[in-house]
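What follows is a set of notes on a single structure, which appears directly below.
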Amino acid sequence: MQIWVDADACPSVIKEILFRAAQRTRIMTTLVANQTLRVPASPWIRSIQVPAGFDVADQRIVKEVQPGDLVITADIPLAAQVIERQGHGLNPRGEFYTPENIRECLAMRNFMEELRASGVDTSGPSAFSQNDRQAFAAQLDRFLARHR
């Protein structure tokens, strides 16, 4: 099992949690982004810089992910592709994407996109909070305990 991180929009506090988890569990953790990333020197942590472009990082993750791998992303279409490849998806707020909920998540995302495109102010997600950070850390720990 590996952990893949859609790192372009991943909050720094989540990356720090992942760095500590990688060291503790010795699970390879790879951050993928279209910008240079600083990661701690570790045999368990690496970064891959992909060219700029729409969904380039997402497509690299989809290409590399194996069944059982965990992908950290807030990108619902990416999560859907990961689930199709029998991976696991966890967003930075600590919510898992599953085969049971991914269609609903995609439908809601598409609906909100249509509203925004028609000029409706949807105000976006709430600010990332300490509760989000704690929920993510707890879900990650439970997942790693079950899948090691």
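FYI, nothing fancy with the structure tokens labels: chains A, B, ... in order, residues from 1 per chain, ligands from 1 as they appear.
Backbone DSSP over segment 14-134 of chain A gives strand (DSSP E or B) for A:Thr29, A:Thr30, A:Leu31, A:Val32, A:Ala33, A:Ile45, A:Arg46, A:Ser47, A:Ile48, A:Gln49, A:Leu70, A:Val71, A:Ile72, A:His88, A:Gly89, A:Leu90, A:Phe96, A:Tyr97.
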Set the distance at 10 Å and use only C-alpha atoms: which residues neighbour segment 84-93 of chain A once local chain neighbours fewer than 5 positions away are removed? I'd like the list as number ranges by chain.
A: 1-6, 9-11, 13-15, 62-63, 65-76, 78-79, 98-99, 102, 128-137, 139-140, 143
Can you check which residues of segment 55-140 of chain A DSSP gives as alpha helix (DSSP H) on the backbone and send them as a ChimeraX atom specification?
/A:56-64,76-84,102-117,130-140
Separation of atom CA of Ala80 of chain A from atom CA of Ala7 of chain A, in Å and rounded to one decimal:
17.2 Å
Please identify all polymer residues within 8 Å of segment 35-50 of chain A, counting only C-alpha atoms, omitting same-chain residues fewer than 4 positions from it, and present them as a list in words.
Asp8, Phe19, Ala22, Gln23, Arg26, Ile27, Met28, Thr29, Thr30, Leu31, Val56, Ala57 and Arg60 of chain A
If you keep N, CA and C atoms, can you produce a file of those selected residues as a PDB file, in the first residue's frame?
ATOM      1  N   ASP A   8      -1.459  19.914  -4.849  1.00  0.00           N
ATOM      2  CA  ASP A   8      -1.580  21.317  -5.239  1.00  0.00           C
ATOM      3  C   ASP A   8      -2.457  22.113  -4.281  1.00  0.00           C
ATOM      4  N   PHE A  19       3.267  13.497   6.679  1.00  0.00           N
ATOM      5  CA  PHE A  19       4.709  13.280   6.831  1.00  0.00           C
ATOM      6  C   PHE A  19       4.997  12.480   8.105  1.00  0.00           C
ATOM      7  N   ALA A  22       3.842   8.850   7.601  1.00  0.00           N
ATOM      8  CA  ALA A  22       4.753   8.103   6.723  1.00  0.00           C
ATOM      9  C   ALA A  22       5.971   7.627   7.503  1.00  0.00           C
ATOM     10  N   GLN A  23       6.528   8.504   8.306  1.00  0.00           N
ATOM     11  CA  GLN A  23       7.697   8.130   9.119  1.00  0.00           C
ATOM     12  C   GLN A  23       7.337   7.048  10.129  1.00  0.00           C
ATOM     13  N   ARG A  26       6.115   3.813   8.060  1.00  0.00           N
ATOM     14  CA  ARG A  26       7.005   3.391   6.972  1.00  0.00           C
ATOM     15  C   ARG A  26       6.225   3.028   5.711  1.00  0.00           C
ATOM     16  N   ILE A  27       5.213   3.830   5.442  1.00  0.00           N
ATOM     17  CA  ILE A  27       4.421   3.674   4.220  1.00  0.00           C
ATOM     18  C   ILE A  27       4.832   4.767   3.252  1.00  0.00           C
ATOM     19  N   MET A  28       5.185   4.378   2.035  1.00  0.00           N
ATOM     20  CA  MET A  28       5.591   5.344   1.021  1.00  0.00           C
ATOM     21  C   MET A  28       4.461   6.338   0.782  1.00  0.00           C
ATOM     22  N   THR A  29       4.794   7.607   0.892  1.00  0.00           N
ATOM     23  CA  THR A  29       3.829   8.686   0.693  1.00  0.00           C
ATOM     24  C   THR A  29       4.372   9.593  -0.400  1.00  0.00           C
ATOM     25  N   THR A  30       3.582   9.760  -1.457  1.00  0.00           N
ATOM     26  CA  THR A  30       4.014  10.529  -2.623  1.00  0.00           C
ATOM     27  C   THR A  30       3.083  11.704  -2.837  1.00  0.00           C
ATOM     28  N   LEU A  31       3.662  12.897  -2.874  1.00  0.00           N
ATOM     29  CA  LEU A  31       2.909  14.116  -3.160  1.00  0.00           C
ATOM     30  C   LEU A  31       3.079  14.443  -4.627  1.00  0.00           C
ATOM     31  N   VAL A  56      -3.400  17.389 -14.844  1.00  0.00           N
ATOM     32  CA  VAL A  56      -2.173  16.624 -15.096  1.00  0.00           C
ATOM     33  C   VAL A  56      -1.768  15.837 -13.848  1.00  0.00           C
ATOM     34  N   ALA A  57      -1.809  16.474 -12.684  1.00  0.00           N
ATOM     35  CA  ALA A  57      -1.466  15.776 -11.444  1.00  0.00           C
ATOM     36  C   ALA A  57      -2.461  14.647 -11.173  1.00  0.00           C
ATOM     37  N   ARG A  60      -1.730  11.666 -13.334  1.00  0.00           N
ATOM     38  CA  ARG A  60      -0.537  10.946 -12.889  1.00  0.00           C
ATOM     39  C   ARG A  60      -0.888  10.036 -11.713  1.00  0.00           C
TER      40      ARG A  60
END
